[in-house]
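Q: Input structure: coords.txt, which contains compact mmCIF, C-alpha atoms and all ligand atoms.
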# COMPACT_ATOMS: atom_id res chain seq x y z
CA MET A 1 129.20 118.09 75.34
CA ILE A 2 131.14 115.48 77.33
CA MET A 3 129.95 114.82 80.87
CA GLU A 4 132.67 114.14 83.38
CA ASN A 5 130.72 112.29 86.03
CA PRO A 6 127.38 110.62 86.80
CA GLN A 7 126.26 113.56 88.95
CA GLU A 8 126.42 115.90 85.96
CA LEU A 9 124.58 113.31 83.91
CA ILE A 10 121.70 113.17 86.39
CA LEU A 11 121.48 116.96 86.70
CA ALA A 12 121.50 117.41 82.93
CA SER A 13 118.49 115.13 82.37
CA HIS A 14 115.72 116.93 80.47
CA ALA A 15 113.11 114.96 82.41
CA LEU A 16 113.99 116.65 85.71
CA THR A 17 111.74 119.31 87.16
CA PRO A 18 113.46 122.24 88.91
CA GLU A 19 112.46 120.68 92.26
CA LEU A 20 114.15 117.37 91.41
CA LYS A 21 117.27 119.24 90.28
CA THR A 22 117.38 121.12 93.59
CA ILE A 23 117.03 117.87 95.55
CA ALA A 24 119.77 116.15 93.52
CA THR A 25 122.10 119.11 94.02
CA LYS A 26 121.45 118.96 97.76
CA VAL A 27 122.23 115.26 97.87
CA PHE A 28 125.47 115.68 95.94
CA ASN A 29 126.46 118.54 98.29
CA GLN A 30 125.67 116.30 101.31
CA GLU A 31 122.84 118.61 102.37
CA ARG A 32 119.68 117.45 104.11
CA ILE A 33 116.35 117.45 102.24
CA SER A 34 113.22 118.94 103.83
CA PHE A 35 109.86 117.39 104.70
CA ASN A 36 108.24 118.91 101.59
CA GLU A 37 111.05 117.62 99.41
CA GLY A 38 110.57 114.14 100.86
CA VAL A 39 106.88 114.26 99.92
CA TYR A 40 107.79 115.62 96.49
CA LEU A 41 110.08 112.62 95.90
CA TYR A 42 107.30 110.19 96.79
CA LYS A 43 104.86 111.96 94.46
CA HIS A 44 107.03 112.84 91.47
CA ALA A 45 110.43 111.14 91.31
CA ASN A 46 110.97 108.24 88.94
CA LEU A 47 112.74 105.04 89.86
CA SER A 48 116.00 105.60 88.00
CA TYR A 49 116.47 109.08 89.47
CA LEU A 50 115.81 107.78 92.99
CA GLY A 51 118.11 104.82 92.45
CA ALA A 52 120.94 107.07 91.26
CA LEU A 53 120.70 109.36 94.29
CA ALA A 54 120.22 106.60 96.85
CA ASN A 55 123.05 104.57 95.37
CA TYR A 56 125.34 107.59 95.53
CA ILE A 57 124.61 108.00 99.26
CA ARG A 58 124.97 104.27 99.95
CA GLU A 59 128.36 104.24 98.29
CA GLN A 60 129.54 107.28 100.24
CA LYS A 61 128.55 105.60 103.49
CA ASN A 62 129.33 101.93 102.90
CA ASN A 63 131.51 101.62 99.79
CA ASN A 64 130.82 98.34 98.05
CA TYR A 65 129.91 96.48 101.24
CA VAL A 66 126.67 94.59 101.80
CA PHE A 67 126.21 93.35 105.34
CA PHE A 68 124.56 90.23 106.75
CA ASN A 69 124.76 88.29 110.00
CA ARG A 70 124.31 84.81 111.44
CA ASN A 71 121.15 85.04 113.47
CA PHE A 72 118.11 83.15 114.64
CA HIS A 73 114.85 84.19 116.26
CA VAL A 74 112.98 83.03 119.33
CA GLU A 75 109.32 84.02 119.42
CA PRO A 76 108.18 83.55 123.05
CA THR A 77 104.49 83.60 122.16
CA ASN A 78 102.05 84.57 119.43
CA ILE A 79 99.25 85.14 121.91
CA CYS A 80 98.65 88.85 122.29
CA VAL A 81 96.51 91.27 124.24
CA TYR A 82 96.57 93.63 121.24
CA THR A 83 94.73 93.20 117.96
CA CYS A 84 96.73 95.04 115.27
CA SER A 85 94.73 94.65 112.09
CA PHE A 86 97.77 93.92 109.88
CA CYS A 87 98.96 91.08 112.12
CA ALA A 88 98.43 87.58 110.74
CA TYR A 89 100.46 86.00 113.45
CA SER A 90 98.85 86.76 116.76
CA ARG A 91 95.98 85.00 118.53
CA LEU A 92 93.86 86.40 121.35
CA ILE A 93 94.20 84.96 124.84
CA LYS A 94 90.79 83.28 124.37
CA GLN A 95 92.19 81.51 121.27
CA ARG A 96 95.35 80.40 123.04
CA GLU A 97 94.95 76.76 121.96
CA GLU A 98 95.72 77.92 118.37
CA GLY A 99 98.98 79.55 119.39
CA TRP A 100 102.16 78.88 121.33
CA GLU A 101 103.49 80.13 124.63
CA LEU A 102 107.05 79.09 125.47
CA SER A 103 108.50 78.73 128.96
CA ILE A 104 112.00 79.94 129.79
CA GLU A 105 113.14 76.33 129.73
CA GLN A 106 111.70 75.79 126.23
CA MET A 107 113.40 78.94 124.97
CA MET A 108 116.72 77.88 126.51
CA ASP A 109 116.34 74.55 124.69
CA ILE A 110 116.06 76.45 121.39
CA ILE A 111 119.13 78.52 122.27
CA LYS A 112 121.10 75.41 123.24
CA LYS A 113 120.37 73.86 119.84
CA TYR A 114 122.82 76.45 118.45
CA ASP A 115 125.67 75.44 120.78
CA GLY A 116 128.79 74.94 118.71
CA GLN A 117 127.34 76.90 115.75
CA GLU A 118 128.78 80.24 114.73
CA VAL A 119 125.62 82.32 115.29
CA THR A 120 126.23 85.79 116.75
CA GLU A 121 122.70 87.04 117.49
CA VAL A 122 119.39 85.86 118.89
CA HIS A 123 116.41 88.08 118.02
CA ILE A 124 113.61 87.73 120.58
CA THR A 125 110.18 89.31 120.10
CA GLY A 126 106.58 88.21 119.86
CA GLY A 127 103.13 88.79 121.31
CA VAL A 128 102.33 90.47 124.62
CA ILE A 129 100.77 88.49 127.50
CA PRO A 130 100.57 89.10 131.27
CA LYS A 131 102.50 85.92 132.11
CA GLN A 132 105.59 87.02 130.17
CA ASP A 133 106.34 89.96 132.42
CA LEU A 134 109.44 91.94 133.37
CA ALA A 135 110.72 89.21 135.73
CA PHE A 136 110.18 86.60 132.99
CA TYR A 137 112.38 88.54 130.56
CA THR A 138 115.11 89.51 133.04
CA THR A 139 115.34 85.82 134.04
CA LEU A 140 115.46 84.74 130.39
CA PHE A 141 118.19 87.21 129.48
CA SER A 142 120.36 86.32 132.46
CA GLU A 143 119.94 82.59 131.71
CA ILE A 144 121.06 83.19 128.11
CA LYS A 145 124.09 85.18 129.26
CA LYS A 146 124.98 82.51 131.83
CA HIS A 147 124.85 79.86 129.12
CA ARG A 148 126.48 81.75 126.22
CA PRO A 149 127.82 85.19 127.24
CA GLU A 150 129.02 86.22 123.77
CA LEU A 151 125.64 85.64 122.05
CA HIS A 152 124.14 89.09 121.34
CA VAL A 153 120.61 89.38 122.73
CA LYS A 154 118.53 91.70 120.51
CA ALA A 155 115.10 91.67 122.06
CA LEU A 156 111.85 93.40 122.93
CA THR A 157 110.25 96.31 121.13
CA PRO A 158 108.79 99.33 122.95
CA VAL A 159 105.40 97.61 122.58
CA GLU A 160 106.51 94.83 124.91
CA CYS A 161 108.59 97.17 127.11
CA HIS A 162 105.72 99.63 127.65
CA TYR A 163 103.39 96.78 128.67
CA ILE A 164 105.77 94.96 131.02
CA PHE A 165 107.02 98.17 132.68
CA LYS A 166 103.47 99.39 133.32
CA LYS A 167 102.54 96.04 134.82
CA ALA A 168 105.67 96.02 137.02
CA LYS A 169 104.97 99.66 138.03
CA VAL A 170 108.45 100.84 137.05
CA THR A 171 109.38 103.87 134.97
CA TYR A 172 110.78 103.41 131.46
CA THR A 173 114.25 104.33 132.76
CA GLU A 174 114.08 101.87 135.66
CA GLY A 175 112.78 99.15 133.36
CA MET A 176 115.39 99.70 130.65
CA LYS A 177 118.15 99.65 133.28
CA LEU A 178 116.88 96.33 134.66
CA LEU A 179 116.76 94.82 131.16
CA LYS A 180 120.29 96.05 130.43
CA GLU A 181 121.64 94.66 133.71
CA SER A 182 120.03 91.27 133.00
CA GLY A 183 121.74 90.93 129.60
CA LEU A 184 119.76 92.77 126.94
CA ASP A 185 122.31 94.00 124.39
CA SER A 186 120.20 95.90 121.85
CA MET A 187 116.63 96.48 120.72
CA PRO A 188 115.11 95.52 117.35
CA GLY A 189 113.16 98.05 115.32
CA GLY A 190 109.67 96.56 115.56
CA GLY A 191 106.45 98.09 116.83
CA ALA A 192 107.04 101.43 115.11
CA GLU A 193 104.37 100.72 112.44
CA ILE A 194 103.46 104.25 111.35
CA PHE A 195 103.75 107.12 113.81
CA ASP A 196 100.82 109.22 112.58
CA LYS A 197 98.19 109.00 115.34
CA GLU A 198 95.12 108.64 113.16
CA ILE A 199 96.56 105.78 111.10
CA ARG A 200 98.26 104.18 114.10
CA ASP A 201 94.97 104.15 116.02
CA LYS A 202 93.27 102.47 113.05
CA ILE A 203 95.80 99.67 112.48
CA ALA A 204 97.52 99.25 115.86
CA GLY A 205 95.13 100.81 118.37
CA GLY A 206 95.85 100.39 122.08
CA LYS A 207 99.52 99.63 121.90
CA CYS A 208 102.26 102.12 122.76
CA SER A 209 101.96 105.49 121.05
CA ALA A 210 104.52 106.99 118.67
CA GLU A 211 105.75 109.25 121.47
CA GLU A 212 106.15 106.27 123.81
CA TRP A 213 107.96 104.24 121.12
CA LEU A 214 110.40 107.12 120.53
CA SER A 215 110.84 107.82 124.23
CA ILE A 216 111.79 104.20 125.04
CA HIS A 217 114.43 104.22 122.28
CA GLU A 218 115.71 107.59 123.50
CA ILE A 219 116.08 106.28 127.05
CA TRP A 220 117.80 103.13 125.80
CA HIS A 221 120.23 105.21 123.74
CA GLY A 222 120.83 107.39 126.81
CA LEU A 223 122.09 104.27 128.61
CA GLY A 224 124.78 103.99 125.90
CA MET A 225 122.88 101.30 123.99
CA GLN A 226 121.83 100.87 120.37
CA SER A 227 118.72 99.85 118.48
CA ASN A 228 117.03 99.68 115.07
CA ALA A 229 113.98 101.40 113.63
CA THR A 230 111.29 100.21 111.22
CA MET A 231 108.33 101.61 109.30
CA LEU A 232 105.36 99.53 108.19
CA TYR A 233 104.42 100.98 104.78
CA GLY A 234 102.14 100.27 101.86
CA HIS A 235 98.75 100.01 103.57
CA ILE A 236 96.42 102.94 104.33
CA GLU A 237 99.06 105.56 105.07
CA SER A 238 99.76 108.58 102.86
CA PHE A 239 103.13 109.72 101.54
CA GLU A 240 102.96 112.58 104.07
CA ASN A 241 102.58 109.97 106.85
CA ARG A 242 105.69 108.16 105.62
CA VAL A 243 107.77 111.33 105.56
CA ASP A 244 106.45 112.31 109.01
CA HIS A 245 107.64 108.91 110.27
CA LEU A 246 111.08 109.37 108.71
CA GLU A 247 111.29 112.92 110.05
CA ARG A 248 110.61 111.83 113.64
CA LEU A 249 113.30 109.14 113.38
CA ARG A 250 115.76 111.59 111.85
CA GLN A 251 115.16 114.05 114.70
CA LEU A 252 115.74 111.41 117.38
CA GLN A 253 118.86 110.17 115.62
CA ASP A 254 120.22 113.75 115.58
CA LYS A 255 119.80 113.76 119.36
CA THR A 256 121.11 110.31 120.29
CA LYS A 257 122.92 108.71 117.33
CA GLY A 258 121.74 105.40 118.78
CA PHE A 259 120.03 103.85 115.75
CA ASN A 260 122.04 101.36 113.71
CA ALA A 261 119.72 100.58 110.84
CA PHE A 262 116.40 101.57 109.35
CA ILE A 263 114.25 98.72 108.05
CA PRO A 264 111.22 99.52 105.86
CA LEU A 265 108.68 96.71 106.30
CA LYS A 266 106.30 96.13 103.42
CA PHE A 267 102.71 95.48 104.49
CA ARG A 268 101.80 91.88 103.54
CA ASN A 269 98.08 91.25 103.32
CA GLY A 270 97.74 87.50 103.84
CA ASN A 271 95.49 86.09 106.57
CA ASN A 272 94.83 89.31 108.45
CA ASP A 273 92.03 91.84 108.96
CA MET A 274 93.42 94.03 106.18
CA SER A 275 93.40 91.44 103.42
CA ASP A 276 91.21 93.77 101.35
CA VAL A 277 94.05 96.32 101.21
CA PRO A 278 96.19 95.53 98.16
CA GLU A 279 99.95 95.22 98.56
CA VAL A 280 102.09 97.84 96.84
CA SER A 281 104.25 96.91 93.82
CA VAL A 282 107.94 96.05 93.85
CA ILE A 283 108.53 99.40 92.11
CA GLU A 284 107.00 101.14 95.13
CA ASP A 285 109.17 99.02 97.46
CA LEU A 286 112.30 100.14 95.62
CA ARG A 287 111.18 103.78 95.56
CA ASN A 288 110.53 103.58 99.28
CA TYR A 289 113.98 102.11 100.05
CA ALA A 290 115.59 104.86 97.97
CA ILE A 291 113.64 107.73 99.55
CA SER A 292 114.38 106.34 103.02
CA ARG A 293 118.09 106.30 102.12
CA ILE A 294 117.92 109.88 100.85
CA TYR A 295 115.87 111.24 103.77
CA LEU A 296 117.66 109.52 106.65
CA ASP A 297 121.04 111.15 106.10
CA ASN A 298 122.07 110.40 109.70
CA PHE A 299 121.45 106.62 109.53
CA ASP A 300 124.45 104.51 108.49
CA HIS A 301 122.47 101.50 107.29
CA ILE A 302 119.26 100.71 105.39
CA LYS A 303 118.20 97.09 105.65
CA ALA A 304 116.03 95.04 103.29
CA TYR A 305 114.69 92.20 105.38
CA TRP A 306 114.84 89.37 102.86
CA ALA A 307 112.41 87.14 104.79
CA MET A 308 109.69 89.75 104.31
CA ILE A 309 110.45 91.14 100.87
CA GLY A 310 111.78 87.96 99.24
CA ARG A 311 115.34 87.34 98.16
CA SER A 312 115.02 88.68 94.58
CA THR A 313 113.62 92.04 95.68
CA ALA A 314 116.25 92.16 98.44
CA GLN A 315 118.90 91.77 95.71
CA LEU A 316 117.28 94.51 93.60
CA SER A 317 117.10 96.83 96.61
CA LEU A 318 120.90 96.86 96.75
CA ASN A 319 120.73 99.27 93.80
CA PHE A 320 118.32 101.54 95.70
CA GLY A 321 120.24 102.54 98.80
CA VAL A 322 120.16 99.28 100.76
CA ASP A 323 123.42 97.95 102.24
CA ASP A 324 122.15 95.17 104.54
CA ILE A 325 119.92 92.15 103.95
CA ASP A 326 119.66 90.71 107.51
CA GLY A 327 120.77 87.18 108.27
CA THR A 328 120.60 83.43 108.10
CA ILE A 329 117.35 83.32 110.20
CA ASP A 330 117.21 79.50 110.05
CA ASP A 331 113.43 79.35 109.64
CA THR A 332 112.84 80.61 113.17
CA THR A 333 110.33 83.41 112.56
CA LYS A 334 106.71 83.09 111.51
CA ILE A 335 105.63 86.75 111.33
CA TYR A 336 105.94 87.05 107.55
CA SER A 337 105.28 83.53 106.38
CA MET A 338 101.94 83.69 108.23
CA ALA A 339 101.15 86.98 106.41
CA GLY A 340 101.72 85.36 103.01
CA ALA A 341 105.32 86.38 102.20
CA GLU A 342 107.06 84.46 99.39
CA GLU A 343 109.62 83.02 101.82
CA GLN A 344 107.56 80.36 103.58
CA THR A 345 110.58 78.77 105.31
CA PRO A 346 113.05 81.64 105.71
CA LYS A 347 116.45 80.05 106.02
CA LEU A 348 119.71 80.84 104.20
CA THR A 349 123.22 79.56 104.70
CA THR A 350 126.04 82.10 104.83
CA GLN A 351 127.15 80.79 101.42
CA GLN A 352 123.70 81.51 99.98
CA LEU A 353 123.79 85.04 101.41
CA VAL A 354 127.27 85.55 99.99
CA ASP A 355 126.05 84.32 96.58
CA LEU A 356 123.03 86.67 96.61
CA ILE A 357 125.37 89.59 97.25
CA THR A 358 128.12 88.64 94.79
CA GLN A 359 125.52 88.08 92.04
CA VAL A 360 124.85 91.84 92.18
CA LYS A 361 128.58 92.60 92.19
CA ARG A 362 128.85 93.79 95.75
CA THR A 363 131.21 92.71 98.50
CA PRO A 364 129.64 90.50 101.18
CA VAL A 365 130.58 91.30 104.76
CA GLU A 366 129.47 89.29 107.74
CA ARG A 367 128.83 91.70 110.61
CA ASP A 368 127.78 91.37 114.21
CA THR A 369 124.63 93.14 115.42
CA LEU A 370 126.48 96.42 116.02
CA TYR A 371 128.15 96.32 112.57
CA HIS A 372 131.60 95.21 113.68
CA ILE A 373 133.09 93.22 110.83
CA VAL A 374 133.23 89.47 111.44
CA LYS A 375 134.39 88.53 107.93
CA ASP A 376 135.10 90.68 104.90
CA TYR A 377 134.75 88.41 101.87
CA SER A 378 136.96 90.65 99.71
CA VAL A 379 139.90 89.72 101.95
CA ASN A 380 141.25 86.17 101.72
O1 LIG A 401 106.42 95.50 114.35
C1 LIG A 401 103.80 92.35 111.40
C2 LIG A 401 105.77 93.93 111.24
C3 LIG A 401 107.37 93.87 112.83
C4 LIG A 401 103.16 92.35 109.33
O2 LIG A 401 115.42 95.21 114.09
C5 LIG A 401 104.29 93.13 109.44
O3 LIG A 401 116.71 93.93 112.90
C6 LIG A 401 104.23 93.56 107.21
O4 LIG A 401 110.44 94.66 113.50
N1 LIG A 401 103.11 92.85 107.02
C7 LIG A 401 108.28 92.96 113.63
N2 LIG A 401 104.84 93.74 108.39
C8 LIG A 401 109.53 92.58 112.84
C9 LIG A 401 110.64 93.60 112.99
C10 LIG A 401 112.00 93.27 112.52
C11 LIG A 401 112.19 92.30 111.56
C12 LIG A 401 113.49 92.02 111.14
C13 LIG A 401 114.59 92.66 111.69
C14 LIG A 401 114.38 93.63 112.66
C15 LIG A 401 115.57 94.30 113.26
C16 LIG A 401 113.09 93.95 113.07
O5 LIG A 401 106.81 93.15 111.76
C17 LIG A 401 106.17 94.42 113.53
C18 LIG A 401 105.33 94.87 112.35
O6 LIG A 401 105.68 96.16 111.94
N3 LIG A 401 104.65 93.12 110.74
N4 LIG A 401 102.87 91.85 110.54
C19 LIG A 401 102.53 92.23 108.04
N5 LIG A 401 101.41 91.55 107.86
FE1 LIG A 402 100.45 91.76 119.05
FE2 LIG A 402 102.63 92.63 117.77
FE3 LIG A 402 100.70 91.30 116.41
FE4 LIG A 402 100.24 93.78 117.31
S1 LIG A 402 101.81 93.20 115.77
S2 LIG A 402 98.83 92.01 117.51
S3 LIG A 402 101.39 93.81 119.23
S4 LIG A 402 101.99 90.46 118.03
The structure given in the file should be rewritten as structure tokens.
A:
Amino acid sequence: MIMENPQELILASHALTPELKTIATKVFNQERISFNEGVYLYKHANLSYLGALANYIREQKNNNYVFFNRNFHVEPTNICVYTCSFCAYSRLIKQREEGWELSIEQMMDIIKKYDGQEVTEVHITGGVIPKQDLAFYTTLFSEIKKHRPELHVKALTPVECHYIFKKAKVTYTEGMKLLKESGLDSMPGGGAEIFDKEIRDKIAGGKCSAEEWLSIHEIWHGLGMQSNATMLYGHIESFENRVDHLERLRQLQDKTKGFNAFIPLKFRNGNNDMSDVPEVSVIEDLRNYAISRIYLDNFDHIKAYWAMIGRSTAQLSLNFGVDDIDGTIDDTTKIYSMAGAEEQTPKLTTQQLVDLITQVKRTPVERDTLYHIVKDYSVN
């Protein structure tokens, strides 16, 4: 028997259970998989099957393109009123001498260091402290826009927004409007952790709830704006918790279409209160990227954040549904290096990013934050 195409080849595999055949058929027919099917994939699907399906979807959505951008981070502080047990980075207010707390002037000095360089995005997020309130951020964003109007400001997660809006006694809608007017262009995906209440309370107790996280993104999207979403995985959550997280994101995306990219974040266990929890294997990372790609049929992009996962796994992930590996970063974030990630000084030139992508036979594309093409490397 001669098989005409890879889809037939996958469906003809003797190793497939009827459930896996049904899921593959759905994917090839562009149909959505259910919650139970998502859990089934986590429990029973092997890596090559998942890779084949996720790669098929990636190709349908993004051809041969792999995206990256020229970005840098500013982390206003690592002092934090919260005590998430996975966080290696934050210090309590009473330990403030061990941390940093930047003024607006100090942050503008960092931004000015990039004058004349072709960066397109500054990513601003960090700890949560009373001093860095709503007025602090609206002043910062308007200063940045005054200095460099075309620099895209991607900043503040719902964790920070919830805190600063409550303190300023404004509603989420009023607060988001003020941030938009002052120059905020989009929101990063952080603070999502895992939406399940029981697990969230255990690892990130006290900060905004899943409902609040989703509501702030929904309001932001309602203002015509875009954002990203993340999931912190590979700690004490179950597969059901992961699919529940994906399901809630998929439902919101159906409503608003405001998410650009989904970024799975692997739990790193260095120097935190969960160091006794082992990290999952690279195989599990790849399976998780692939299942995310399969489940989130209404997300255009799945990102492997190379600073967290390491550049080799980021390259591997490109065969498991991923089409974006984030940016140059320029050694400006400490969140992952402090939690023991391989990349202790995360910094890549655009040429290095292009090389990582061409080594796996994909086409590098520099994008801006909202996925407009800045440079397509297949075109001379
Ligand atoms: O919310 C903190 C995670 C997030 C650890 O939107 C950890 O483009 C693993 O969201 N192990 C912040 N994860 C970073 C983030 C992000 C990063 C890159 C790009 C974008 C984007 C967003 O980092 C936190 C938390 O989930 N985190 N500590 C840790 N030990
Ligand atoms: Fe604070 Fe964010 Fe760390 Fe939680 S993850 S302790 S909110 S800096």
Q: Produce as a list in words the set of residues near ligand LIG 401 (chain A), where near means within 7 Å with all atoms listed in the file considered.
A: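 Here is the list of contacting residues: Phe86, Cys87, Ala88, Tyr89, Met187, Pro188, Gly189, Gly190, Gly191, Ala192, Glu193, Asn228, Ala229, Thr230, Met231, Leu232, Ile263, Leu265, Lys266, Phe267, Arg268, Asn269, Gly270, Asn272, Tyr305, Asp326, Ile335, Tyr336 and Ala339 of chain A.
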Q: Of the candidates A:Ser90, A:Pro18, A:Lys131, A:Lys145, which one gets nearest to Lys112 of chain A if we count all atoms listed in the file?
A: A:Lys145
Q: Residues at most 8 Å from ligand LIG 402 (chain A), using only C-alpha atoms and all ligand atoms? Could they come as a list in words?
A: Asn78, Ile79, Cys80, Val81, Tyr82, Thr83, Cys84, Ser85, Phe86, Cys87, Ala88, Tyr89, Ser90, Arg91, Gly126, Gly127, Val128, Val159, Glu160, Gly191, Ala204 and Lys207 of chain A
Q: Kindly give the distance, in Å, that separates atom CA of Ser48 of chain A and atom CA of Gln30 of chain A, rounded to a single decimal.
A: 19.6 Å
Q: Of the candidates A:Arg70, A:Lys94, A:Arg362, A:Arg293, which shows the shortest atom-to-atom distance to Phe262 of chain A, using all atoms listed in the file?
A: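 Selected residue with least distance to Phe262 of chain A: A:Arg293.
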Q: Any idea what's packed within 12 Å of Asp185 of chain A, counting all atoms listed in the file, ignoring anything in its chain fewer than 3 positions away? Could you give it as number ranges by chain?
A: A: 120-124, 141-142, 144-145, 149-156, 176-182, 188, 220-221, 223-227, 368-370
